[in-house]
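Chemist: Below you'll find the structure I mean.
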Amino acid sequence: MSLSKEDVQRVSLLARLKLSDDELTTMTEQLGQIVSYIDKLSELDTEGVKPMAHALDLTNALVDDEPHESLPREKALQNAPRSDDECFRVPAVLGE
C-alpha cells in the first residue's frame, strides 16, 4: 500500500496540523516508508506466535512499600531557601 499526498493531507487535517507543500512532500515520503515497512512485516508467518504487549517480560521493579523512619525535620529543611523551625516558607499564592 502506498500513500498519496491526499492521504497525508487528510491525516494532517484530522491531526490539526498545517503542513507546507515541502513538509507535505517530506511527510508523504516518510510515512510511505513506514507503511511499506509494516507491509513487509505482515508477510511474516505468525502462526503459533502468542500476542504480547511488550517484547520483554517485564515485572514491577518497585521496592516493597514498607514503613521506615522518616527524614528528620532539620535535615529536610536544611537546603530550603526559606524555612522556619517547622515548615518550608513559600510566597503566598492566594493573596493576603
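By convention here, the chains of the C-alpha cells are called A, B, ... in the order presented, each chain's residues are numbered starting at 1, and ligands are numbered starting at 1 in the order presented.
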Please provide as a short mmCIF file (atom, residue, chain, number, x, y, z; two decimals) with C-alpha atoms, in the first residue's frame all residues within 12 Å of Gly32 of chain A, with the sequence filter that same-chain residues fewer than 5 positions apart are discarded (counting only C-alpha atoms).

Modeler:
data_model
loop_
_atom_site.label_atom_id
_atom_site.label_comp_id
_atom_site.auth_asym_id
_atom_site.auth_seq_id
_atom_site.Cartn_x
_atom_site.Cartn_y
_atom_site.Cartn_z
CA MET A 1 0.00 0.00 0.00
CA SER A 2 1.39 3.39 -0.91
CA LEU A 3 0.28 6.74 0.39
CA SER A 4 -0.67 9.68 -1.78
CA LYS A 5 -0.27 13.34 -0.88
CA ASP A 7 -3.92 10.71 2.13
CA VAL A 8 -1.27 12.54 4.11
CA LEU A 24 3.67 17.52 2.84
CA THR A 25 6.10 16.03 0.31
CA THR A 26 8.55 15.02 3.05
CA MET A 27 5.81 13.51 5.22
CA TYR A 37 7.86 -1.49 6.40
CA ILE A 38 4.61 -2.53 8.09
CA ASP A 39 3.53 -4.27 4.85
#

Chemist: Would you give me, as a PyMOL selection string, the residues in chain A that DSSP reads as helix (DSSP H, G or I)?

Modeler: chain A and resi 5-14+21-41+73-77

Chemist: Store the residues picked out above, limited to C-alpha atoms, as a PDB file, in the first residue's frame.

Modeler:
ATOM      1  CA  LYS A   5      -0.273  13.338  -0.878  1.00  0.00           C
ATOM      2  CA  GLU A   6      -4.042  13.496  -0.496  1.00  0.00           C
ATOM      3  CA  ASP A   7      -3.923  10.713   2.127  1.00  0.00           C
ATOM      4  CA  VAL A   8      -1.265  12.535   4.110  1.00  0.00           C
ATOM      5  CA  GLN A   9      -3.108  15.831   3.727  1.00  0.00           C
ATOM      6  CA  ARG A  10      -6.274  14.216   5.117  1.00  0.00           C
ATOM      7  CA  VAL A  11      -4.376  12.760   8.065  1.00  0.00           C
ATOM      8  CA  SER A  12      -2.758  16.127   8.757  1.00  0.00           C
ATOM      9  CA  LEU A  13      -6.196  17.743   8.683  1.00  0.00           C
ATOM     10  CA  LEU A  14      -7.528  15.187  11.188  1.00  0.00           C
ATOM     11  CA  ASP A  21       3.958  21.857   0.391  1.00  0.00           C
ATOM     12  CA  ASP A  22       7.560  20.904   1.229  1.00  0.00           C
ATOM     13  CA  GLU A  23       6.528  19.368   4.543  1.00  0.00           C
ATOM     14  CA  LEU A  24       3.674  17.524   2.835  1.00  0.00           C
ATOM     15  CA  THR A  25       6.097  16.032   0.308  1.00  0.00           C
ATOM     16  CA  THR A  26       8.547  15.018   3.049  1.00  0.00           C
ATOM     17  CA  MET A  27       5.810  13.511   5.223  1.00  0.00           C
ATOM     18  CA  THR A  28       4.371  11.603   2.256  1.00  0.00           C
ATOM     19  CA  GLU A  29       7.776  10.004   1.603  1.00  0.00           C
ATOM     20  CA  GLN A  30       8.460   9.241   5.267  1.00  0.00           C
ATOM     21  CA  LEU A  31       5.015   7.855   6.041  1.00  0.00           C
ATOM     22  CA  GLY A  32       5.170   5.826   2.811  1.00  0.00           C
ATOM     23  CA  GLN A  33       8.393   4.209   4.045  1.00  0.00           C
ATOM     24  CA  ILE A  34       6.758   3.378   7.377  1.00  0.00           C
ATOM     25  CA  VAL A  35       3.707   1.839   5.693  1.00  0.00           C
ATOM     26  CA  SER A  36       5.905  -0.225   3.368  1.00  0.00           C
ATOM     27  CA  TYR A  37       7.863  -1.487   6.395  1.00  0.00           C
ATOM     28  CA  ILE A  38       4.609  -2.528   8.087  1.00  0.00           C
ATOM     29  CA  ASP A  39       3.533  -4.266   4.854  1.00  0.00           C
ATOM     30  CA  LYS A  40       6.837  -6.156   4.892  1.00  0.00           C
ATOM     31  CA  LEU A  41       6.220  -7.255   8.492  1.00  0.00           C
ATOM     32  CA  ARG A  73      12.783  17.638  60.087  1.00  0.00           C
ATOM     33  CA  GLU A  74      16.092  19.508  60.486  1.00  0.00           C
ATOM     34  CA  LYS A  75      17.650  17.538  57.649  1.00  0.00           C
ATOM     35  CA  ALA A  76      14.589  18.007  55.404  1.00  0.00           C
ATOM     36  CA  LEU A  77      14.691  21.787  55.932  1.00  0.00           C
TER      37      LEU A  77
END

Chemist: What is the atom CA of Pro81 of chain A to atom CA of Leu94 of chain A distance in Å?

Modeler: 20.4 Å

Chemist: Tell me, in Å to one decimal, how far atom CA of Cys87 of chain A is from atom CA of Pro72 of chain A.

Modeler: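 Computed distance, atom CA of Cys87 of chain A to atom CA of Pro72 of chain A, equals 12.3 Å.
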
Chemist: Mind pulling up the distance from atom CA of His54 of chain A to atom CA of Ser42 of chain A?

Modeler: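 Atom CA of His54 of chain A lies 18.0 Å from atom CA of Ser42 of chain A.
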